[in-house]
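S.K.: Just one file: data-v7.cif, with mmCIF, N, CA and C atoms; chains and numbers go by the auth columns.
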```cif
data_my_file
loop_
_atom_site.group_PDB
_atom_site.id
_atom_site.type_symbol
_atom_site.label_atom_id
_atom_site.label_comp_id
_atom_site.label_asym_id
_atom_site.label_seq_id
_atom_site.Cartn_x
_atom_site.Cartn_y
_atom_site.Cartn_z
_atom_site.B_iso_or_equiv
_atom_site.auth_seq_id
_atom_site.auth_asym_id
ATOM 1 N N MET A 1 83.765 43.503 25.026 0.00 29 A
ATOM 2 C CA MET A 1 84.708 42.992 24.059 0.00 29 A
ATOM 3 C C MET A 1 86.132 43.213 24.579 0.00 29 A
ATOM 4 N N PRO A 2 86.976 42.192 24.535 0.00 30 A
ATOM 5 C CA PRO A 2 88.359 42.323 25.016 0.00 30 A
ATOM 6 C C PRO A 2 89.128 43.397 24.243 0.00 30 A
ATOM 7 N N LYS A 3 90.038 44.010 24.917 0.00 31 A
ATOM 8 C CA LYS A 3 90.862 45.069 24.336 0.00 31 A
ATOM 9 C C LYS A 3 92.315 44.639 24.376 0.00 31 A
ATOM 10 N N THR A 4 93.037 44.867 23.289 0.00 32 A
ATOM 11 C CA THR A 4 94.452 44.559 23.216 0.00 32 A
ATOM 12 C C THR A 4 95.247 45.825 23.471 0.00 32 A
ATOM 13 N N LEU A 5 96.253 45.731 24.330 0.00 33 A
ATOM 14 C CA LEU A 5 97.100 46.871 24.657 0.00 33 A
ATOM 15 C C LEU A 5 98.554 46.554 24.346 0.00 33 A
ATOM 16 N N THR A 6 99.305 47.580 24.032 0.00 34 A
ATOM 17 C CA THR A 6 100.745 47.456 23.851 0.00 34 A
ATOM 18 C C THR A 6 101.399 48.457 24.786 0.00 34 A
ATOM 19 N N ILE A 7 102.403 48.021 25.515 0.00 35 A
ATOM 20 C CA ILE A 7 103.120 48.907 26.434 0.00 35 A
ATOM 21 C C ILE A 7 104.470 49.230 25.816 0.00 35 A
ATOM 22 N N HIS A 8 104.730 50.517 25.634 0.00 36 A
ATOM 23 C CA HIS A 8 105.990 50.965 25.031 0.00 36 A
ATOM 24 C C HIS A 8 106.952 51.434 26.115 0.00 36 A
ATOM 25 N N GLU A 9 108.232 51.193 25.895 0.00 37 A
ATOM 26 C CA GLU A 9 109.324 51.702 26.725 0.00 37 A
ATOM 27 C C GLU A 9 109.116 51.426 28.220 0.00 37 A
ATOM 28 N N LEU A 10 108.873 50.185 28.531 0.00 38 A
ATOM 29 C CA LEU A 10 108.735 49.762 29.920 0.00 38 A
ATOM 30 C C LEU A 10 110.096 49.851 30.600 0.00 38 A
ATOM 31 N N GLU A 11 110.116 50.364 31.809 0.00 39 A
ATOM 32 C CA GLU A 11 111.370 50.470 32.556 0.00 39 A
ATOM 33 C C GLU A 11 112.009 49.084 32.677 0.00 39 A
ATOM 34 N N PRO A 12 113.324 48.974 32.493 0.00 40 A
ATOM 35 C CA PRO A 12 113.990 47.661 32.555 0.00 40 A
ATOM 36 C C PRO A 12 113.761 46.929 33.877 0.00 40 A
ATOM 37 N N THR A 13 113.782 47.669 34.983 0.00 41 A
ATOM 38 C CA THR A 13 113.572 47.029 36.290 0.00 41 A
ATOM 39 C C THR A 13 112.162 46.463 36.386 0.00 41 A
ATOM 40 N N THR A 14 111.197 47.221 35.916 0.00 42 A
ATOM 41 C CA THR A 14 109.811 46.756 35.936 0.00 42 A
ATOM 42 C C THR A 14 109.651 45.522 35.056 0.00 42 A
ATOM 43 N N ALA A 15 110.248 45.555 33.872 0.00 43 A
ATOM 44 C CA ALA A 15 110.171 44.413 32.958 0.00 43 A
ATOM 45 C C ALA A 15 110.780 43.169 33.588 0.00 43 A
ATOM 46 N N LYS A 16 111.918 43.344 34.232 0.00 44 A
ATOM 47 C CA LYS A 16 112.579 42.194 34.864 0.00 44 A
ATOM 48 C C LYS A 16 111.727 41.629 35.994 0.00 44 A
ATOM 49 N N LEU A 17 111.172 42.512 36.828 0.00 45 A
ATOM 50 C CA LEU A 17 110.327 42.049 37.930 0.00 45 A
ATOM 51 C C LEU A 17 109.070 41.356 37.420 0.00 45 A
ATOM 52 N N LEU A 18 108.514 41.836 36.326 0.00 46 A
ATOM 53 C CA LEU A 18 107.358 41.165 35.728 0.00 46 A
ATOM 54 C C LEU A 18 107.727 39.767 35.256 0.00 46 A
ATOM 55 N N MET A 19 108.888 39.630 34.657 0.00 47 A
ATOM 56 C CA MET A 19 109.322 38.314 34.177 0.00 47 A
ATOM 57 C C MET A 19 109.565 37.359 35.342 0.00 47 A
ATOM 58 N N VAL A 20 110.159 37.867 36.422 0.00 48 A
ATOM 59 C CA VAL A 20 110.386 37.039 37.609 0.00 48 A
ATOM 60 C C VAL A 20 109.049 36.602 38.196 0.00 48 A
ATOM 61 N N TYR A 21 108.111 37.554 38.310 0.00 49 A
ATOM 62 C CA TYR A 21 106.790 37.238 38.842 0.00 49 A
ATOM 63 C C TYR A 21 106.111 36.153 37.994 0.00 49 A
ATOM 64 N N ALA A 22 106.136 36.333 36.680 0.00 50 A
ATOM 65 C CA ALA A 22 105.498 35.368 35.780 0.00 50 A
ATOM 66 C C ALA A 22 106.106 33.979 35.940 0.00 50 A
ATOM 67 N N LYS A 23 107.409 33.921 36.028 0.00 51 A
ATOM 68 C CA LYS A 23 108.083 32.627 36.175 0.00 51 A
ATOM 69 C C LYS A 23 107.711 31.964 37.497 0.00 51 A
ATOM 70 N N ARG A 24 107.696 32.732 38.576 0.00 52 A
ATOM 71 C CA ARG A 24 107.341 32.165 39.889 0.00 52 A
ATOM 72 C C ARG A 24 105.915 31.661 39.922 0.00 52 A
ATOM 73 N N GLN A 25 105.039 32.337 39.192 0.00 53 A
ATOM 74 C CA GLN A 25 103.634 31.949 39.166 0.00 53 A
ATOM 75 C C GLN A 25 103.340 30.904 38.097 0.00 53 A
ATOM 76 N N SER A 26 104.354 30.544 37.310 0.00 54 A
ATOM 77 C CA SER A 26 104.189 29.602 36.191 0.00 54 A
ATOM 78 C C SER A 26 103.099 30.076 35.234 0.00 54 A
ATOM 79 N N LYS A 27 103.149 31.376 34.939 0.00 55 A
ATOM 80 C CA LYS A 27 102.177 31.981 34.038 0.00 55 A
ATOM 81 C C LYS A 27 102.916 32.703 32.928 0.00 55 A
ATOM 82 N N SER A 28 102.184 32.990 31.871 0.00 56 A
ATOM 83 C CA SER A 28 102.765 33.793 30.800 0.00 56 A
ATOM 84 C C SER A 28 102.922 35.230 31.284 0.00 56 A
ATOM 85 N N LEU A 29 103.781 35.960 30.610 0.00 57 A
ATOM 86 C CA LEU A 29 103.965 37.370 30.939 0.00 57 A
ATOM 87 C C LEU A 29 102.647 38.120 30.739 0.00 57 A
ATOM 88 N N ASN A 30 101.943 37.800 29.676 0.00 58 A
ATOM 89 C CA ASN A 30 100.658 38.437 29.396 0.00 58 A
ATOM 90 C C ASN A 30 99.657 38.206 30.527 0.00 58 A
ATOM 91 N N GLN A 31 99.516 36.957 30.973 0.00 59 A
ATOM 92 C CA GLN A 31 98.562 36.652 32.042 0.00 59 A
ATOM 93 C C GLN A 31 98.974 37.318 33.347 0.00 59 A
ATOM 94 N N SER A 32 100.269 37.385 33.606 0.00 60 A
ATOM 95 C CA SER A 32 100.757 38.026 34.822 0.00 60 A
ATOM 96 C C SER A 32 100.414 39.510 34.832 0.00 60 A
ATOM 97 N N VAL A 33 100.607 40.191 33.700 0.00 61 A
ATOM 98 C CA VAL A 33 100.277 41.615 33.610 0.00 61 A
ATOM 99 C C VAL A 33 98.777 41.812 33.807 0.00 61 A
ATOM 100 N N LYS A 34 97.960 40.957 33.190 0.00 62 A
ATOM 101 C CA LYS A 34 96.515 41.066 33.353 0.00 62 A
ATOM 102 C C LYS A 34 96.099 40.873 34.812 0.00 62 A
ATOM 103 N N ASP A 35 96.678 39.886 35.481 0.00 63 A
ATOM 104 C CA ASP A 35 96.363 39.639 36.893 0.00 63 A
ATOM 105 C C ASP A 35 96.753 40.824 37.763 0.00 63 A
ATOM 106 N N LEU A 36 97.978 41.340 37.563 0.00 64 A
ATOM 107 C CA LEU A 36 98.454 42.460 38.379 0.00 64 A
ATOM 108 C C LEU A 36 97.636 43.727 38.136 0.00 64 A
ATOM 109 N N LEU A 37 97.253 43.980 36.891 0.00 65 A
ATOM 110 C CA LEU A 37 96.402 45.139 36.593 0.00 65 A
ATOM 111 C C LEU A 37 95.039 44.997 37.265 0.00 65 A
ATOM 112 N N ALA A 38 94.472 43.808 37.228 0.00 66 A
ATOM 113 C CA ALA A 38 93.167 43.585 37.853 0.00 66 A
ATOM 114 C C ALA A 38 93.223 43.862 39.350 0.00 66 A
ATOM 115 N N VAL A 39 94.300 43.462 40.003 0.00 67 A
ATOM 116 C CA VAL A 39 94.462 43.720 41.439 0.00 67 A
ATOM 117 C C VAL A 39 94.653 45.218 41.683 0.00 67 A
ATOM 118 N N ALA A 40 95.536 45.851 40.903 0.00 68 A
ATOM 119 C CA ALA A 40 95.829 47.270 41.089 0.00 68 A
ATOM 120 C C ALA A 40 94.594 48.142 40.878 0.00 68 A
ATOM 121 N N LEU A 41 93.710 47.723 39.981 0.00 69 A
ATOM 122 C CA LEU A 41 92.514 48.507 39.686 0.00 69 A
ATOM 123 C C LEU A 41 91.316 48.115 40.541 0.00 69 A
ATOM 124 N N GLY A 42 91.500 47.134 41.416 0.00 70 A
ATOM 125 C CA GLY A 42 90.429 46.736 42.315 0.00 70 A
ATOM 126 C C GLY A 42 89.395 45.808 41.692 0.00 70 A
ATOM 127 N N VAL A 43 89.700 45.257 40.520 0.00 71 A
ATOM 128 C CA VAL A 43 88.775 44.324 39.875 0.00 71 A
ATOM 129 C C VAL A 43 88.692 43.030 40.677 0.00 71 A
ATOM 130 N N VAL A 44 89.810 42.603 41.218 0.00 72 A
ATOM 131 C CA VAL A 44 89.859 41.459 42.134 0.00 72 A
ATOM 132 C C VAL A 44 90.542 41.928 43.412 0.00 72 A
ATOM 133 N N SER A 45 90.229 41.269 44.517 0.00 73 A
ATOM 134 C CA SER A 45 90.722 41.740 45.810 0.00 73 A
ATOM 135 C C SER A 45 92.182 41.401 46.070 0.00 73 A
ATOM 136 N N LYS A 46 92.664 40.287 45.552 0.00 74 A
ATOM 137 C CA LYS A 46 94.062 39.924 45.772 0.00 74 A
ATOM 138 C C LYS A 46 94.538 39.041 44.632 0.00 74 A
ATOM 139 N N PRO A 47 95.830 39.011 44.398 0.00 75 A
ATOM 140 C CA PRO A 47 96.326 38.180 43.292 0.00 75 A
ATOM 141 C C PRO A 47 96.188 36.705 43.602 0.00 75 A
ATOM 142 N N ARG A 48 95.945 35.939 42.567 0.00 76 A
ATOM 143 C CA ARG A 48 95.908 34.483 42.706 0.00 76 A
ATOM 144 C C ARG A 48 97.338 33.999 42.556 0.00 76 A
ATOM 145 N N MET A 49 98.026 33.862 43.689 0.00 77 A
ATOM 146 C CA MET A 49 99.443 33.518 43.664 0.00 77 A
ATOM 147 C C MET A 49 99.663 32.082 44.084 0.00 77 A
ATOM 148 N N LYS A 50 100.594 31.450 43.435 0.00 78 A
ATOM 149 C CA LYS A 50 101.028 30.134 43.873 0.00 78 A
ATOM 150 C C LYS A 50 102.034 30.346 44.992 0.00 78 A
ATOM 151 N N VAL A 51 101.821 29.673 46.085 0.00 79 A
ATOM 152 C CA VAL A 51 102.731 29.796 47.217 0.00 79 A
ATOM 153 C C VAL A 51 103.365 28.438 47.467 0.00 79 A
ATOM 154 N N ASP A 52 104.665 28.411 47.529 0.00 80 A
ATOM 155 C CA ASP A 52 105.380 27.171 47.794 0.00 80 A
ATOM 156 C C ASP A 52 106.385 27.440 48.900 0.00 80 A
ATOM 157 N N ASN A 53 106.144 26.851 50.063 0.00 81 A
ATOM 158 C CA ASN A 53 107.056 27.058 51.180 0.00 81 A
ATOM 159 C C ASN A 53 108.183 26.030 51.203 0.00 81 A
ATOM 160 N N GLY A 54 108.227 25.153 50.213 0.00 82 A
ATOM 161 C CA GLY A 54 109.304 24.181 50.115 0.00 82 A
ATOM 162 C C GLY A 54 109.110 22.934 50.963 0.00 82 A
ATOM 163 N N LEU A 55 108.011 22.858 51.688 0.00 83 A
ATOM 164 C CA LEU A 55 107.798 21.717 52.582 0.00 83 A
ATOM 165 C C LEU A 55 107.049 20.559 51.929 0.00 83 A
ATOM 166 N N ARG A 56 106.489 20.778 50.755 0.00 84 A
ATOM 167 C CA ARG A 56 105.711 19.736 50.084 0.00 84 A
ATOM 168 C C ARG A 56 106.512 18.452 49.891 0.00 84 A
ATOM 169 N N LYS A 57 107.811 18.585 49.642 0.00 85 A
ATOM 170 C CA LYS A 57 108.639 17.402 49.388 0.00 85 A
ATOM 171 C C LYS A 57 108.756 16.507 50.622 0.00 85 A
ATOM 172 N N PHE A 58 108.430 17.044 51.806 0.00 86 A
ATOM 173 C CA PHE A 58 108.530 16.258 53.032 0.00 86 A
ATOM 174 C C PHE A 58 107.203 15.588 53.400 0.00 86 A
ATOM 175 N N ARG A 59 106.164 15.843 52.641 0.00 87 A
ATOM 176 C CA ARG A 59 104.853 15.270 52.940 0.00 87 A
ATOM 177 C C ARG A 59 104.937 13.746 52.930 0.00 87 A
ATOM 178 N N GLY A 60 104.442 13.139 53.982 0.00 88 A
ATOM 179 C CA GLY A 60 104.430 11.694 54.062 0.00 88 A
ATOM 180 C C GLY A 60 105.715 11.079 54.579 0.00 88 A
ATOM 181 N N CYS A 61 106.692 11.901 54.959 0.00 89 A
ATOM 182 C CA CYS A 61 107.985 11.380 55.419 0.00 89 A
ATOM 183 C C CYS A 61 107.967 10.951 56.885 0.00 89 A
ATOM 184 N N VAL A 62 106.993 11.430 57.638 0.00 90 A
ATOM 185 C CA VAL A 62 106.933 11.132 59.069 0.00 90 A
ATOM 186 C C VAL A 62 105.777 10.165 59.308 0.00 90 A
ATOM 187 N N ASP A 63 106.071 9.068 60.008 0.00 91 A
ATOM 188 C CA ASP A 63 104.988 8.126 60.282 0.00 91 A
ATOM 189 C C ASP A 63 104.118 8.651 61.424 0.00 91 A
ATOM 190 N N ARG A 64 102.991 8.002 61.639 0.00 92 A
ATOM 191 C CA ARG A 64 102.004 8.479 62.613 0.00 92 A
ATOM 192 C C ARG A 64 102.578 8.547 64.035 0.00 92 A
ATOM 193 N N LYS A 65 103.371 7.558 64.445 0.00 93 A
ATOM 194 C CA LYS A 65 103.929 7.557 65.803 0.00 93 A
ATOM 195 C C LYS A 65 104.893 8.727 65.986 0.00 93 A
ATOM 196 N N ASP A 66 105.786 8.939 65.015 0.00 94 A
ATOM 197 C CA ASP A 66 106.725 10.055 65.118 0.00 94 A
ATOM 198 C C ASP A 66 105.997 11.395 65.138 0.00 94 A
ATOM 199 N N ALA A 67 104.949 11.510 64.337 0.00 95 A
ATOM 200 C CA ALA A 67 104.180 12.752 64.314 0.00 95 A
ATOM 201 C C ALA A 67 103.502 12.990 65.656 0.00 95 A
ATOM 202 N N THR A 68 102.948 11.925 66.245 0.00 96 A
ATOM 203 C CA THR A 68 102.298 12.043 67.554 0.00 96 A
ATOM 204 C C THR A 68 103.302 12.444 68.623 0.00 96 A
ATOM 205 N N ASP A 69 104.487 11.827 68.608 0.00 97 A
ATOM 206 C CA ASP A 69 105.535 12.162 69.571 0.00 97 A
ATOM 207 C C ASP A 69 105.982 13.610 69.427 0.00 97 A
ATOM 208 N N LEU A 70 106.162 14.050 68.187 0.00 98 A
ATOM 209 C CA LEU A 70 106.599 15.422 67.938 0.00 98 A
ATOM 210 C C LEU A 70 105.544 16.420 68.410 0.00 98 A
ATOM 211 N N LEU A 71 104.289 16.174 68.087 0.00 99 A
ATOM 212 C CA LEU A 71 103.230 17.079 68.508 0.00 99 A
ATOM 213 C C LEU A 71 103.101 17.130 70.026 0.00 99 A
ATOM 214 N N ALA A 72 103.281 15.991 70.698 0.00 100 A
ATOM 215 C CA ALA A 72 103.226 15.975 72.160 0.00 100 A
ATOM 216 C C ALA A 72 104.373 16.796 72.743 0.00 100 A
ATOM 217 N N TYR A 73 105.554 16.688 72.159 0.00 101 A
ATOM 218 C CA TYR A 73 106.713 17.458 72.626 0.00 101 A
ATOM 219 C C TYR A 73 106.481 18.949 72.405 0.00 101 A
ATOM 220 N N VAL A 74 106.027 19.302 71.223 0.00 102 A
ATOM 221 C CA VAL A 74 105.811 20.712 70.897 0.00 102 A
ATOM 222 C C VAL A 74 104.708 21.298 71.764 0.00 102 A
ATOM 223 N N ASP A 75 103.664 20.523 72.005 0.00 103 A
ATOM 224 C CA ASP A 75 102.546 20.996 72.814 0.00 103 A
ATOM 225 C C ASP A 75 102.995 21.343 74.230 0.00 103 A
ATOM 226 N N GLY A 76 103.964 20.603 74.758 0.00 104 A
ATOM 227 C CA GLY A 76 104.432 20.853 76.116 0.00 104 A
ATOM 228 C C GLY A 76 105.579 21.842 76.197 0.00 104 A
ATOM 229 N N ALA A 77 106.095 22.282 75.081 0.00 105 A
ATOM 230 C CA ALA A 77 107.257 23.174 75.066 0.00 105 A
ATOM 231 C C ALA A 77 106.841 24.615 75.350 0.00 105 A
ATOM 232 N N ASP A 78 107.742 25.339 75.987 0.00 106 A
ATOM 233 C CA ASP A 78 107.520 26.758 76.274 0.00 106 A
ATOM 234 C C ASP A 78 108.368 27.567 75.300 0.00 106 A
ATOM 235 N N PHE A 79 107.756 28.069 74.261 0.00 107 A
ATOM 236 C CA PHE A 79 108.485 28.800 73.232 0.00 107 A
ATOM 237 C C PHE A 79 108.721 30.260 73.591 0.00 107 A
ATOM 238 N N SER A 80 108.261 30.663 74.768 0.00 108 A
ATOM 239 C CA SER A 80 108.495 32.054 75.174 0.00 108 A
ATOM 240 C C SER A 80 109.872 32.221 75.801 0.00 108 A
ATOM 241 N N LYS A 81 110.539 31.121 76.122 0.00 109 A
ATOM 242 C CA LYS A 81 111.865 31.176 76.731 0.00 109 A
ATOM 243 C C LYS A 81 112.943 30.898 75.691 0.00 109 A
ATOM 244 N N VAL A 82 114.085 31.548 75.856 0.00 110 A
ATOM 245 C CA VAL A 82 115.208 31.347 74.969 0.00 110 A
ATOM 246 C C VAL A 82 116.291 30.599 75.743 0.00 110 A
ATOM 247 N N ASP A 83 116.767 29.486 75.165 0.00 111 A
ATOM 248 C CA ASP A 83 117.868 28.758 75.796 0.00 111 A
ATOM 249 C C ASP A 83 119.154 29.525 75.468 0.00 111 A
ATOM 250 N N MET A 84 119.854 29.989 76.487 0.00 112 A
ATOM 251 C CA MET A 84 121.044 30.779 76.276 0.00 112 A
ATOM 252 C C MET A 84 122.138 29.979 75.548 0.00 112 A
ATOM 253 N N GLU A 85 122.148 28.664 75.722 0.00 113 A
ATOM 254 C CA GLU A 85 123.146 27.847 75.026 0.00 113 A
ATOM 255 C C GLU A 85 122.886 27.804 73.524 0.00 113 A
ATOM 256 N N ASP A 86 121.686 28.177 73.084 0.00 114 A
ATOM 257 C CA ASP A 86 121.391 28.249 71.654 0.00 114 A
ATOM 258 C C ASP A 86 121.849 29.558 71.023 0.00 114 A
ATOM 259 N N MET A 87 122.281 30.472 71.843 0.00 115 A
ATOM 260 C CA MET A 87 122.697 31.791 71.330 0.00 115 A
ATOM 261 C C MET A 87 124.097 31.757 70.782 0.00 115 A
#
```
Once you've parsed the file, please lay out its structure as structure tokens.

M.R.:
Amino acid sequence: MPKTLTIHELEPTTAKLLMVYAKRQSKSLNQSVKDLLAVALGVVSKPRMKVDNGLRKFRGCVDRKDATDLLAYVDGADFSKVDMEDM
């Protein structure tokens, strides 16, 4: 049977970080606390986090020829060297 809990006198910094986490995950504060508790207690192995690297908006912007050209260039590039003019 589910149990309802109330948390009293939560540290302001902790409360703020919980609110930021909830907003980033597009979840309610309640669901965020439940998820984080489950991870902390080992009920689940890792949090189910939404990850957005900001690149989604560029999906489909490069045509097949440009993508092929870029991949061919990158494949032949030596990334272990630093161009001093880029410094």

S.K.: Would you mind listing what lies within 8 Å of Leu57 in chain A as a VMD selection string, with only C-alpha atoms counted and same-chain residues fewer than 3 positions away left out?

M.R.: chain A and resid 46 to 47 50 60 to 61

S.K.: Between CA of Lys62 in chain A and atom N of Tyr49 in chain A, measure the distance and give it in Å to one decimal.

M.R.: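 It comes out at 13.1 Å.
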
S.K.: I'd like the interatomic distance between CA of Gln53 in chain A and CA of Asp80 in chain A, to a tenth of an Å.

M.R.: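 If I compute the distance from CA of Gln53 in chain A to CA of Asp80 in chain A, I get 10.0 Å.
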
S.K.: Please measure the separation of atom C of Arg87 in chain A and CA of Ser108 in chain A, giving the value in Å to one decimal.

M.R.: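 Interatomic distance here is 29.0 Å.
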
S.K.: Within chain A, find each residue whose DSSP state, derived from the backbone, is helix (DSSP H, G or I), and express the selection as an MDAnalysis selection string.

M.R.: chainID A and resid 40:53 57:68 84:86 92:104 112:114

S.K.: Return the padded bounding box of range 32-37 of chain A as lines of an AutoDock Vina configuration file: axis-aligned, built from all atoms listed in the file, 4 Å added on each side, with centre and edge lengths in Å to one decimal.

M.R.:
```
center_x = 101.2
center_y = 48.1
center_z = 25.7
size_x = 24.3
size_y = 15.1
size_z = 13.0
```
